[in-house]
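Q: The structure file start35.pdb (PDB, C-alpha atoms) is provided below.
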```pdb
ATOM      1  CA  MET A   1     -37.670 -14.627   2.917
ATOM      2  CA  SER A   2     -34.814 -16.432   4.628
ATOM      3  CA  SER A   3     -33.731 -18.199   1.459
ATOM      4  CA  SER A   4     -33.447 -15.008  -0.525
ATOM      5  CA  GLY A   5     -31.597 -13.361   2.346
ATOM      6  CA  THR A   6     -28.953 -16.077   2.349
ATOM      7  CA  SER A   7     -28.494 -16.467  -1.381
ATOM      8  CA  SER A   8     -28.319 -12.810  -2.335
ATOM      9  CA  PRO A   9     -25.034 -11.961  -0.544
ATOM     10  CA  ALA A  10     -23.346 -15.048  -1.972
ATOM     11  CA  ALA A  11     -24.430 -14.136  -5.488
ATOM     12  CA  ARG A  12     -23.253 -10.571  -4.984
ATOM     13  CA  ARG A  13     -19.812 -11.770  -3.911
ATOM     14  CA  VAL A  14     -19.372 -14.032  -6.916
ATOM     15  CA  LEU A  15     -20.339 -11.287  -9.368
ATOM     16  CA  ASP A  16     -18.881  -8.186  -7.787
ATOM     17  CA  TRP A  17     -15.556  -8.843  -6.086
ATOM     18  CA  ARG A  18     -13.650  -9.045  -9.384
ATOM     19  CA  LEU A  19     -14.927  -5.622 -10.386
ATOM     20  CA  ARG A  20     -13.804  -4.153  -7.088
ATOM     21  CA  PHE A  21     -10.466  -5.943  -7.417
ATOM     22  CA  GLY A  22      -9.968  -4.380 -10.851
ATOM     23  CA  PHE A  23     -11.022  -0.952  -9.612
ATOM     24  CA  LEU A  24      -8.576  -1.154  -6.713
ATOM     25  CA  SER A  25      -5.771  -2.127  -9.099
ATOM     26  CA  LEU A  26      -6.546   0.892 -11.275
ATOM     27  CA  VAL A  27      -6.760   3.280  -8.326
ATOM     28  CA  TRP A  28      -3.440   2.219  -6.823
ATOM     29  CA  GLY A  29      -1.782   2.112 -10.238
ATOM     30  CA  PHE A  30      -2.943   5.641 -11.086
ATOM     31  CA  SER A  31      -1.889   6.934  -7.653
ATOM     32  CA  PHE A  32       1.646   7.425  -8.942
ATOM     33  CA  LEU A  33       0.365   9.466 -11.860
ATOM     34  CA  PHE A  34      -1.742  11.558  -9.460
ATOM     35  CA  MET A  35       1.327  12.212  -7.321
ATOM     36  CA  ARG A  36       3.371  13.276 -10.330
ATOM     37  CA  VAL A  37       0.698  15.714 -11.510
ATOM     38  CA  GLY A  38       0.210  17.041  -7.977
ATOM     39  CA  THR A  39       3.910  17.778  -7.461
ATOM     40  CA  GLU A  40       3.965  19.889 -10.613
ATOM     41  CA  SER A  41       2.214  22.685  -8.679
ATOM     42  CA  PHE A  42       2.452  21.737  -5.005
ATOM     43  CA  ALA A  43       5.346  20.811  -2.734
ATOM     44  CA  PRO A  44       5.620  17.080  -1.920
ATOM     45  CA  PHE A  45       4.634  17.675   1.714
ATOM     46  CA  GLN A  46       1.562  19.594   0.547
ATOM     47  CA  VAL A  47       0.575  16.750  -1.781
ATOM     48  CA  THR A  48       0.914  14.259   1.063
ATOM     49  CA  LEU A  49      -0.995  16.455   3.508
ATOM     50  CA  GLY A  50      -3.850  16.894   1.025
ATOM     51  CA  ARG A  51      -3.877  13.191   0.277
ATOM     52  CA  LEU A  52      -4.092  12.259   3.954
ATOM     53  CA  ALA A  53      -6.729  14.890   4.702
ATOM     54  CA  PHE A  54      -9.008  13.689   1.895
ATOM     55  CA  GLY A  55      -8.399  10.026   2.778
ATOM     56  CA  THR A  56      -9.124  10.616   6.454
ATOM     57  CA  ALA A  57     -12.371  12.383   5.565
ATOM     58  CA  VAL A  58     -13.567   9.344   3.576
ATOM     59  CA  VAL A  59     -12.756   6.879   6.350
ATOM     60  CA  ALA A  60     -14.257   9.201   8.984
ATOM     61  CA  ALA A  61     -17.480   9.339   6.963
ATOM     62  CA  ALA A  62     -17.548   5.526   6.810
ATOM     63  CA  MET A  63     -17.009   5.379  10.560
ATOM     64  CA  ALA A  64     -19.889   7.795  11.101
ATOM     65  CA  VAL A  65     -22.220   5.735   8.903
ATOM     66  CA  LYS A  66     -21.308   2.520  10.748
ATOM     67  CA  ARG A  67     -21.267   4.315  14.113
ATOM     68  CA  GLU A  68     -17.720   3.221  14.824
ATOM     69  CA  ARG A  69     -15.938   4.822  17.755
ATOM     70  CA  LEU A  70     -12.295   5.841  17.931
ATOM     71  CA  PRO A  71      -9.980   3.455  19.805
ATOM     72  CA  ARG A  72      -9.389   3.884  23.503
ATOM     73  CA  GLY A  73      -6.233   3.470  25.550
ATOM     74  CA  ALA A  74      -3.117   5.634  25.698
ATOM     75  CA  TRP A  75      -0.769   2.933  24.421
ATOM     76  CA  THR A  76      -3.088   2.169  21.514
ATOM     77  CA  TRP A  77      -2.804   5.796  20.425
ATOM     78  CA  VAL A  78       0.978   5.724  20.850
ATOM     79  CA  HIS A  79       1.225   2.648  18.631
ATOM     80  CA  LEU A  80      -1.144   4.181  16.082
ATOM     81  CA  THR A  81       1.003   7.330  15.981
ATOM     82  CA  VAL A  82       4.046   5.238  15.076
ATOM     83  CA  ALA A  83       1.983   3.229  12.569
ATOM     84  CA  GLY A  84       0.666   6.415  10.964
ATOM     85  CA  PHE A  85       4.231   7.638  10.506
ATOM     86  CA  LEU A  86       5.667   4.376   9.121
ATOM     87  CA  LEU A  87       2.698   3.360   6.979
ATOM     88  CA  ASN A  88       1.383   6.715   5.778
ATOM     89  CA  ALA A  89       3.216   9.959   6.524
ATOM     90  CA  LEU A  90       6.732   8.707   5.744
ATOM     91  CA  PRO A  91       6.194   6.533   2.629
ATOM     92  CA  PHE A  92       3.641   8.885   1.062
ATOM     93  CA  SER A  93       6.075  11.797   1.492
ATOM     94  CA  LEU A  94       9.051   9.812   0.190
ATOM     95  CA  PHE A  95       7.153   8.755  -2.927
ATOM     96  CA  ALA A  96       6.045  12.358  -3.530
ATOM     97  CA  PHE A  97       9.630  13.614  -3.227
ATOM     98  CA  SER A  98      10.950  10.807  -5.436
ATOM     99  CA  GLU A  99       8.617  11.758  -8.276
ATOM    100  CA  LEU A 100      10.243  15.169  -8.516
ATOM    101  CA  THR A 101      13.144  13.463 -10.286
ATOM    102  CA  ILE A 102      12.048   9.990 -11.415
ATOM    103  CA  PRO A 103       9.154   8.848 -13.645
ATOM    104  CA  SER A 104       5.920   7.781 -11.989
ATOM    105  CA  SER A 105       6.302   4.390 -13.680
ATOM    106  CA  LEU A 106       9.617   3.775 -11.914
ATOM    107  CA  ALA A 107       8.096   4.816  -8.574
ATOM    108  CA  GLY A 108       5.294   2.292  -9.135
ATOM    109  CA  ILE A 109       7.792  -0.474  -9.822
ATOM    110  CA  CYS A 110       9.803   0.441  -6.709
ATOM    111  CA  ASN A 111       6.566   0.085  -4.721
ATOM    112  CA  ALA A 112       6.353  -3.525  -5.886
ATOM    113  CA  THR A 113       9.557  -4.338  -3.970
ATOM    114  CA  SER A 114       7.707  -3.987  -0.661
ATOM    115  CA  PRO A 115       6.994  -7.752  -0.333
ATOM    116  CA  LEU A 116      10.704  -8.426  -0.877
ATOM    117  CA  TRP A 117      11.715  -6.067   1.923
ATOM    118  CA  GLY A 118       8.969  -7.567   4.064
ATOM    119  CA  MET A 119      10.196 -11.097   3.571
ATOM    120  CA  ALA A 120      13.797 -10.127   4.362
ATOM    121  CA  LEU A 121      12.779  -8.251   7.513
ATOM    122  CA  SER A 122      10.372 -10.933   8.725
ATOM    123  CA  LEU A 123      13.168 -13.506   8.771
ATOM    124  CA  VAL A 124      14.922 -11.330  11.343
ATOM    125  CA  ALA A 125      12.046  -9.765  13.266
ATOM    126  CA  LEU A 126       9.345 -12.460  13.216
ATOM    127  CA  SER A 127      10.373 -15.812  14.647
ATOM    128  CA  GLU A 128       7.223 -17.490  13.314
ATOM    129  CA  ASP A 129       8.194 -16.751   9.695
ATOM    130  CA  ARG A 130      10.509 -19.598   8.767
ATOM    131  CA  PRO A 131      12.493 -19.341   5.515
ATOM    132  CA  THR A 132      11.867 -21.907   2.816
ATOM    133  CA  ARG A 133      13.910 -22.548  -0.288
ATOM    134  CA  ARG A 134      11.146 -21.141  -2.455
ATOM    135  CA  ARG A 135      10.851 -17.908  -0.463
ATOM    136  CA  VAL A 136      14.625 -17.377  -0.262
ATOM    137  CA  ALA A 137      14.824 -17.985  -4.016
ATOM    138  CA  GLY A 138      12.041 -15.450  -4.507
ATOM    139  CA  LEU A 139      13.987 -12.904  -2.484
ATOM    140  CA  GLY A 140      17.061 -13.375  -4.656
ATOM    141  CA  ILE A 141      15.046 -13.267  -7.888
ATOM    142  CA  GLY A 142      13.223 -10.147  -6.757
ATOM    143  CA  PHE A 143      16.348  -8.174  -6.030
ATOM    144  CA  LEU A 144      17.832  -9.346  -9.313
ATOM    145  CA  GLY A 145      14.771  -7.738 -10.884
ATOM    146  CA  VAL A 146      15.470  -4.506  -8.994
ATOM    147  CA  LEU A 147      18.996  -4.439 -10.408
ATOM    148  CA  THR A 148      17.537  -5.034 -13.879
ATOM    149  CA  VAL A 149      15.117  -2.131 -13.506
ATOM    150  CA  LEU A 150      17.957   0.119 -12.387
ATOM    151  CA  GLY A 151      20.182  -0.994 -15.279
ATOM    152  CA  VAL A 152      23.114  -1.695 -12.956
ATOM    153  CA  TRP A 153      25.317  -2.957 -15.827
ATOM    154  CA  GLN A 154      25.163   0.575 -17.286
ATOM    155  CA  GLY A 155      26.415   2.136 -14.065
ATOM    156  CA  PHE A 156      22.993   3.730 -13.372
ATOM    157  CA  ASP A 157      23.456   5.870 -16.468
ATOM    158  CA  GLY A 158      20.571   8.345 -16.845
ATOM    159  CA  LEU A 159      19.023   7.268 -13.539
ATOM    160  CA  ASP A 160      18.438   9.673 -10.683
ATOM    161  CA  VAL A 161      19.914   7.717  -7.805
ATOM    162  CA  THR A 162      18.488   9.953  -5.083
ATOM    163  CA  GLY A 163      14.916   9.799  -6.367
ATOM    164  CA  THR A 164      15.109   6.041  -6.852
ATOM    165  CA  ALA A 165      16.563   5.573  -3.366
ATOM    166  CA  LEU A 166      13.698   7.603  -1.875
ATOM    167  CA  ALA A 167      11.137   5.398  -3.659
ATOM    168  CA  LEU A 168      12.858   2.227  -2.459
ATOM    169  CA  LEU A 169      12.987   3.608   1.095
ATOM    170  CA  ALA A 170       9.257   4.308   0.854
ATOM    171  CA  SER A 171       8.601   0.690  -0.109
ATOM    172  CA  LEU A 172      10.822  -0.429   2.789
ATOM    173  CA  SER A 173       8.838   1.700   5.230
ATOM    174  CA  TYR A 174       5.680  -0.359   4.638
ATOM    175  CA  PRO A 175       6.959  -3.734   5.922
ATOM    176  CA  VAL A 176       8.717  -2.012   8.842
ATOM    177  CA  GLY A 177       5.329  -0.536   9.752
ATOM    178  CA  TRP A 178       3.534  -3.847   9.194
ATOM    179  CA  ILE A 179       5.910  -5.659  11.534
ATOM    180  CA  TYR A 180       5.469  -2.946  14.161
ATOM    181  CA  VAL A 181       1.669  -3.141  13.887
ATOM    182  CA  ARG A 182       1.758  -6.908  14.018
ATOM    183  CA  ARG A 183       3.756  -6.813  17.244
ATOM    184  CA  THR A 184       1.732  -4.072  18.946
ATOM    185  CA  LEU A 185      -1.821  -3.979  17.593
ATOM    186  CA  ALA A 186      -2.533  -7.450  16.198
ATOM    187  CA  GLY A 187      -4.470  -8.486  19.289
ATOM    188  CA  SER A 188      -6.472  -5.284  19.549
ATOM    189  CA  SER A 189     -10.195  -5.588  20.202
ATOM    190  CA  HIS A 190     -10.897  -2.515  18.055
ATOM    191  CA  SER A 191     -12.163  -2.887  14.488
ATOM    192  CA  HIS A 192      -9.968  -2.423  11.437
ATOM    193  CA  LEU A 193     -12.027   0.600  10.427
ATOM    194  CA  SER A 194     -11.646   2.276  13.804
ATOM    195  CA  LEU A 195      -7.897   1.686  13.952
ATOM    196  CA  THR A 196      -7.343   2.892  10.406
ATOM    197  CA  GLY A 197      -9.430   6.017  10.911
ATOM    198  CA  ALA A 198      -7.317   6.928  13.934
ATOM    199  CA  GLN A 199      -4.101   6.013  12.121
ATOM    200  CA  LEU A 200      -4.882   8.212   9.122
ATOM    201  CA  GLY A 201      -5.987  11.063  11.376
ATOM    202  CA  LEU A 202      -2.727  10.932  13.315
ATOM    203  CA  ALA A 203      -0.688  10.819  10.109
ATOM    204  CA  THR A 204      -2.610  13.872   8.876
ATOM    205  CA  LEU A 205      -1.751  15.720  12.085
ATOM    206  CA  GLN A 206       1.922  14.836  11.627
ATOM    207  CA  LEU A 207       1.944  16.337   8.140
ATOM    208  CA  ALA A 208      -0.072  19.331   9.319
ATOM    209  CA  VAL A 209       2.764  20.128  11.749
ATOM    210  CA  VAL A 210       5.627  19.460   9.334
ATOM    211  CA  THR A 211       4.276  21.033   6.139
ATOM    212  CA  PRO A 212       4.155  24.705   7.276
ATOM    213  CA  LEU A 213       7.739  24.422   8.540
ATOM    214  CA  PHE A 214       9.180  23.416   5.171
ATOM    215  CA  THR A 215       6.795  24.901   2.588
ATOM    216  CA  SER A 216       5.157  28.215   1.808
ATOM    217  CA  VAL A 217       1.504  28.800   1.048
ATOM    218  CA  PRO A 218       0.746  28.025  -2.634
ATOM    219  CA  THR A 219       0.238  31.136  -4.748
ATOM    220  CA  GLY A 220      -2.613  29.446  -6.606
ATOM    221  CA  LEU A 221      -4.736  26.332  -6.766
ATOM    222  CA  PRO A 222      -4.477  24.940 -10.305
ATOM    223  CA  VAL A 223      -7.451  22.754 -11.092
ATOM    224  CA  LEU A 224      -5.733  19.657 -12.487
ATOM    225  CA  PRO A 225      -3.102  19.269  -9.726
ATOM    226  CA  LEU A 226      -5.746  19.969  -7.087
ATOM    227  CA  LEU A 227      -8.035  17.324  -8.556
ATOM    228  CA  SER A 228      -5.096  14.909  -8.666
ATOM    229  CA  VAL A 229      -4.409  15.406  -4.957
ATOM    230  CA  ALA A 230      -8.115  14.980  -4.184
ATOM    231  CA  ALA A 231      -8.278  11.781  -6.255
ATOM    232  CA  LEU A 232      -5.119  10.541  -4.559
ATOM    233  CA  GLY A 233      -6.731  10.969  -1.150
ATOM    234  CA  VAL A 234     -10.361  10.092  -1.815
ATOM    235  CA  LEU A 235      -9.699   7.161  -4.159
ATOM    236  CA  GLY A 236      -6.118   6.031  -3.527
ATOM    237  CA  THR A 237      -6.238   6.252   0.271
ATOM    238  CA  GLY A 238      -9.747   6.492   1.738
ATOM    239  CA  LEU A 239     -11.891   4.497  -0.680
ATOM    240  CA  ALA A 240      -9.035   2.090  -1.447
ATOM    241  CA  PHE A 241      -8.906   1.030   2.203
ATOM    242  CA  LEU A 242     -12.638   0.405   2.352
ATOM    243  CA  ILE A 243     -12.538  -1.684  -0.829
ATOM    244  CA  GLN A 244      -9.470  -3.646   0.262
ATOM    245  CA  TYR A 245     -10.969  -4.384   3.668
ATOM    246  CA  ASP A 246     -14.148  -5.603   1.987
ATOM    247  CA  LEU A 247     -12.155  -7.825  -0.392
ATOM    248  CA  VAL A 248     -10.246  -9.418   2.483
ATOM    249  CA  ALA A 249     -13.526 -10.209   4.217
ATOM    250  CA  GLU A 250     -15.057 -11.766   1.068
ATOM    251  CA  VAL A 251     -12.286 -13.602  -0.759
ATOM    252  CA  GLY A 252      -9.551 -13.890   1.850
ATOM    253  CA  PRO A 253      -6.260 -12.045   2.324
ATOM    254  CA  THR A 254      -4.236 -14.118  -0.139
ATOM    255  CA  THR A 255      -6.437 -13.300  -3.128
ATOM    256  CA  ALA A 256      -6.975  -9.686  -2.070
ATOM    257  CA  GLN A 257      -3.237  -9.128  -1.707
ATOM    258  CA  MET A 258      -2.663 -10.076  -5.369
ATOM    259  CA  VAL A 259      -3.793  -6.574  -6.336
ATOM    260  CA  THR A 260      -0.231  -5.518  -5.472
ATOM    261  CA  TYR A 261       1.074  -7.337  -8.539
ATOM    262  CA  PHE A 262      -1.139  -5.375 -10.942
ATOM    263  CA  THR A 263      -0.237  -1.957  -9.532
ATOM    264  CA  PRO A 264       3.187  -1.495 -11.202
ATOM    265  CA  VAL A 265       1.814  -2.650 -14.545
ATOM    266  CA  ILE A 266      -0.929  -0.020 -14.451
ATOM    267  CA  ALA A 267       1.436   2.645 -13.092
ATOM    268  CA  THR A 268       3.836   2.016 -15.968
ATOM    269  CA  ALA A 269       1.101   2.029 -18.616
ATOM    270  CA  ALA A 270      -0.414   5.244 -17.216
ATOM    271  CA  GLY A 271       2.947   7.000 -17.025
ATOM    272  CA  VAL A 272       3.899   6.100 -20.585
ATOM    273  CA  ALA A 273       0.477   6.684 -22.180
ATOM    274  CA  LEU A 274      -0.666   9.800 -20.319
ATOM    275  CA  LEU A 275       2.540  11.504 -19.177
ATOM    276  CA  GLY A 276       4.748  10.564 -22.115
ATOM    277  CA  GLU A 277       7.376   8.941 -19.905
ATOM    278  CA  SER A 278      10.132   7.040 -21.684
ATOM    279  CA  LEU A 279      10.485   3.318 -21.163
ATOM    280  CA  SER A 280      13.611   1.246 -21.796
ATOM    281  CA  TRP A 281      13.485  -2.512 -22.206
ATOM    282  CA  SER A 282      15.040  -3.102 -18.772
ATOM    283  CA  THR A 283      12.132  -1.459 -16.922
ATOM    284  CA  PRO A 284       9.296  -3.842 -17.897
ATOM    285  CA  VAL A 285      11.601  -6.868 -17.921
ATOM    286  CA  GLY A 286      12.904  -6.007 -14.467
ATOM    287  CA  ALA A 287       9.376  -5.368 -13.237
ATOM    288  CA  VAL A 288       8.286  -8.863 -14.312
ATOM    289  CA  ILE A 289      11.264 -10.363 -12.469
ATOM    290  CA  VAL A 290      10.459  -8.309  -9.354
ATOM    291  CA  LEU A 291       6.842  -9.457  -9.377
ATOM    292  CA  ALA A 292       7.856 -13.094  -9.877
ATOM    293  CA  GLY A 293      10.212 -12.879  -6.923
ATOM    294  CA  ALA A 294       7.617 -11.113  -4.787
ATOM    295  CA  ALA A 295       5.056 -13.809  -5.590
ATOM    296  CA  LEU A 296       7.494 -16.518  -4.480
ATOM    297  CA  THR A 297       8.260 -14.750  -1.201
ATOM    298  CA  GLN A 298       4.531 -14.650  -0.406
ATOM    299  CA  SER A 299       3.939 -18.325  -1.183
ATOM    300  CA  ARG A 300       2.919 -20.669   1.604
ATOM    301  CA  PRO A 301       2.804 -24.468   1.503
ATOM    302  CA  ARG A 302      -0.819 -25.522   1.029
ATOM    303  CA  ALA A 303      -2.227 -28.254   3.168
ATOM    304  CA  ALA A 304      -3.730 -31.232   1.374
ATOM    305  CA  GLY A 305      -7.314 -30.582   0.435
ATOM    306  CA  ALA A 306      -7.137 -26.901   1.424
ATOM    307  CA  PRO A 307      -9.295 -24.558  -0.648
ATOM    308  CA  THR A 308      -7.600 -22.132  -3.014
ATOM    309  CA  VAL A 309      -9.676 -19.154  -1.818
ATOM    310  CA  ALA A 310     -10.977 -18.863   1.717
ATOM    311  CA  PRO A 311     -14.361 -17.115   1.967
ATOM    312  CA  VAL A 312     -13.412 -15.512   5.291
ATOM    313  CA  PRO A 313      -9.842 -14.626   6.376
ATOM    314  CA  GLU A 314      -8.597 -16.919   9.124
ATOM    315  CA  ARG A 315      -6.504 -15.834  12.098
ATOM    316  CA  GLU A 316      -3.700 -18.184  11.046
ATOM    317  CA  ASP A 317      -3.076 -16.122   7.883
ATOM    318  CA  THR A 318      -1.364 -13.131   9.428
ATOM    319  CA  ARG A 319      -0.290 -11.321   6.291
ATOM    320  CA  LEU A 320      -3.330  -9.059   6.309
ATOM    321  CA  GLN A 321      -5.603 -10.268   9.078
ATOM    322  CA  ASP A 322      -3.046  -9.590  11.809
ATOM    323  CA  ARG A 323      -2.107  -6.207  10.411
ATOM    324  CA  PRO A 324      -5.221  -4.166  11.154
ATOM    325  CA  CYS A 325      -3.900  -0.914   9.713
ATOM    326  CA  SER A 326      -1.774  -2.143   6.828
ATOM    327  CA  THR A 327      -4.404  -1.971   4.144
ATOM    328  CA  ALA A 328      -4.573   1.792   4.544
ATOM    329  CA  SER A 329      -0.905   2.051   3.680
ATOM    330  CA  GLN A 330      -0.727   0.774   0.129
ATOM    331  CA  THR A 331      -0.045   3.292  -2.566
TER     332      THR A 331
END
```
Render the structure in this file as structure tokens.
A:
Amino acid sequence: MSSSGTSSPAARRVLDWRLRFGFLSLVWGFSFLFMRVGTESFAPFQVTLGRLAFGTAVVAAAMAVKRERLPRGAWTWVHLTVAGFLLNALPFSLFAFSELTIPSSLAGICNATSPLWGMALSLVALSEDRPTRRRVAGLGIGFLGVLTVLGVWQGFDGLDVTGTALALLASLSYPVGWIYVRRTLAGSSHSHLSLTGAQLGLATLQLAVVTPLFTSVPTGLPVLPLLSVAALGVLGTGLAFLIQYDLVAEVGPTTAQMVTYFTPVIATAAGVALLGESLSWSTPVGAVIVLAGAALTQSRPRAAGAPTVAPVPEREDTRLQDRPCSTASQT
């Protein structure tokens, strides 16, 4: 009985984590398509509010099943309110507004610049993150890729600058939120699930206050946009967090974080194939350069004899382990 109990989980991890990794890549890649379809009938704030409400419901259900309690402490709730704004309410809204004027594929590529912003900010805000030649080179390569995507040599011809700027600001909001969480909540005794449930709930409340002030009640509820918003919340926010958290626990934060590099590829393919979005040569070429730069900025020197994949995330790897709410923020 004991032997089967110890071998079964190990076998399940070896066989199943890749499937969940692929599913998470698809969900986050298609999130940009869902946003684009949703904004065809609903205001961006309404899309974001629906997304957060559905996502919160999924995480709340998981908390109920696991009998998790909400965090305690006034300052914890203050920090979670700020985290909910920086990691959910603000970037989700900015991406929704950006897709009113730019293709979903371009929004997905802009999302891939988040590690670049994070590396640049960490050099200033986090004293423990020391620059290396490889990471600085990655930062330069990544932003060269951004300029390639934007077609800067053409003077941004045919590009909506405002929409693109909103998408880039959304990607910048994530590392700002991560750094804030790392400084304020990294040592919290509460579980990741509990913190994220509270964070998403607070972000939902923020949108519930803002949305009625700037939008009117929809005259109808078209099926396809409504389903897109529901999928965006249930799959892209709620379920995506649960899967990502499980991946971090099984294969370590470094491997789990690599899903970020597949997201823009899937977002671009979905936008072109299903929405008929146009694609110039500079977009995929620039995206490859961005991803190469982002990968370099995330590289860490490996100690001799260190395993490539850690079965359990260690406290020393702070990219995901010390950011208890960050996995609920990815788009």
Q: Run the PyMOL selection byres ((chain A and resi 238-246) around 6) on the file and write out the hits as a count of residues only.
A: 12
Q: Name the residues that the PyMOL selection byres ((chain A and resi 30-43) around 9) picks from the file above, as number ranges by chain, using the file's chain letters and numbers.
A: A: 25-29, 44-48, 95-97, 99-100, 103-105, 107-108, 211, 215-216, 218, 220-222, 224-232, 235-236, 263, 266-267, 270-271, 274-275, 331
Q: Any chance you could work out the residue set of the PyMOL selection byres ((chain A and resi 201) around 12) here, as an NGL selection string?
A: :A and (49 or 51-60 or 70 or 77 or 80-81 or 83-85 or 88-89 or 194-200 or 202-208 or 238 or 328)
Q: Using only C-alpha atoms, please write the residues we just selected to a file, as an mmCIF file, keeping the file's coordinate frame.
A:
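And here is the file that came out, result17.cif:
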```cif
data_model
loop_
_atom_site.group_PDB
_atom_site.id
_atom_site.type_symbol
_atom_site.label_atom_id
_atom_site.label_comp_id
_atom_site.auth_asym_id
_atom_site.auth_seq_id
_atom_site.Cartn_x
_atom_site.Cartn_y
_atom_site.Cartn_z
ATOM 1 C CA LEU A 49 -0.995 16.455 3.508
ATOM 2 C CA ARG A 51 -3.877 13.191 0.277
ATOM 3 C CA LEU A 52 -4.092 12.259 3.954
ATOM 4 C CA ALA A 53 -6.729 14.890 4.702
ATOM 5 C CA PHE A 54 -9.008 13.689 1.895
ATOM 6 C CA GLY A 55 -8.399 10.026 2.778
ATOM 7 C CA THR A 56 -9.124 10.616 6.454
ATOM 8 C CA ALA A 57 -12.371 12.383 5.565
ATOM 9 C CA VAL A 58 -13.567 9.344 3.576
ATOM 10 C CA VAL A 59 -12.756 6.879 6.350
ATOM 11 C CA ALA A 60 -14.257 9.201 8.984
ATOM 12 C CA LEU A 70 -12.295 5.841 17.931
ATOM 13 C CA TRP A 77 -2.804 5.796 20.425
ATOM 14 C CA LEU A 80 -1.144 4.181 16.082
ATOM 15 C CA THR A 81 1.003 7.330 15.981
ATOM 16 C CA ALA A 83 1.983 3.229 12.569
ATOM 17 C CA GLY A 84 0.666 6.415 10.964
ATOM 18 C CA PHE A 85 4.231 7.638 10.506
ATOM 19 C CA ASN A 88 1.383 6.715 5.778
ATOM 20 C CA ALA A 89 3.216 9.959 6.524
ATOM 21 C CA SER A 194 -11.646 2.276 13.804
ATOM 22 C CA LEU A 195 -7.897 1.686 13.952
ATOM 23 C CA THR A 196 -7.343 2.892 10.406
ATOM 24 C CA GLY A 197 -9.430 6.017 10.911
ATOM 25 C CA ALA A 198 -7.317 6.928 13.934
ATOM 26 C CA GLN A 199 -4.101 6.013 12.121
ATOM 27 C CA LEU A 200 -4.882 8.212 9.122
ATOM 28 C CA LEU A 202 -2.727 10.932 13.315
ATOM 29 C CA ALA A 203 -0.688 10.819 10.109
ATOM 30 C CA THR A 204 -2.610 13.872 8.876
ATOM 31 C CA LEU A 205 -1.751 15.720 12.085
ATOM 32 C CA GLN A 206 1.922 14.836 11.627
ATOM 33 C CA LEU A 207 1.944 16.337 8.140
ATOM 34 C CA ALA A 208 -0.072 19.331 9.319
ATOM 35 C CA GLY A 238 -9.747 6.492 1.738
ATOM 36 C CA ALA A 328 -4.573 1.792 4.544
#
```
Q: Atom CA of Tyr174 of chain A to atom CA of Arg133 of chain A: how many Å, to one decimal?
A: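 Calculated distance between atom CA of Tyr174 of chain A and atom CA of Arg133 of chain A is 24.2 Å.
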Q: Of the candidates A:Ser282, A:Thr184, A:Thr101, A:Thr297, which shows the shortest atom-to-atom distance to Gln154 of chain A, using all atoms listed in the file?
A: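 Nearest to Gln154 of chain A: A:Ser282.
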Q: So what do you get for atom CA of Pro115 of chain A versus atom CA of Val181 of chain A, distance-wise?
A: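 Taking atom CA of Pro115 of chain A as the start and atom CA of Val181 of chain A as the end point, the length is 15.9 Å.
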Q: Which of these, A:Val272, A:Leu279, A:Val288, A:Leu106, has the shortest distance to Leu166 of chain A once you count only C-alpha atoms?
A: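 Answer, going by the shortest atom-to-atom distance: A:Leu106.
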Q: One decimal, in Å: what's the spacing between atom CA of Arg20 of chain A and atom CA of Ile179 of chain A?
A: 27.2 Å
Q: Which residue, A:Ala256, A:Val217, A:Leu185, A:Leu193, has the smallest gap to Val82 of chain A when you use all atoms listed in the file?
A: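 Answer, going by the shortest atom-to-atom distance: A:Leu185.
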Q: Between A:Val65, A:Leu169, A:Leu296, A:Met258, which residue has the minimum interatomic distance to Arg18 of chain A, considering all atoms listed in the file?
A: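 For Arg18 of chain A, the nearest of the candidates is A:Met258.
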Q: Emit as JSON the padded axis-aligned box for all listed atoms of segment 80-96 of chain A, 6 Å per side, with centre and edge lengths in Å to one decimal.
A:
```
{"center_x": 4.0, "center_y": 7.8, "center_z": 6.3, "size_x": 22.2, "size_y": 21.1, "size_z": 31.6}
```
Q: Within 10 Å of (14.9, -9.7, -2.1), all atoms listed in the file: residues as a list in words?
A: Thr113, Ser114, Pro115, Leu116, Trp117, Gly118, Met119, Ala120, Leu121, Arg135, Val136, Ala137, Gly138, Leu139, Gly140, Ile141, Gly142, Phe143, Leu144, Gly145, Val146, Val290, Gly293, Ala294 and Thr297 of chain A
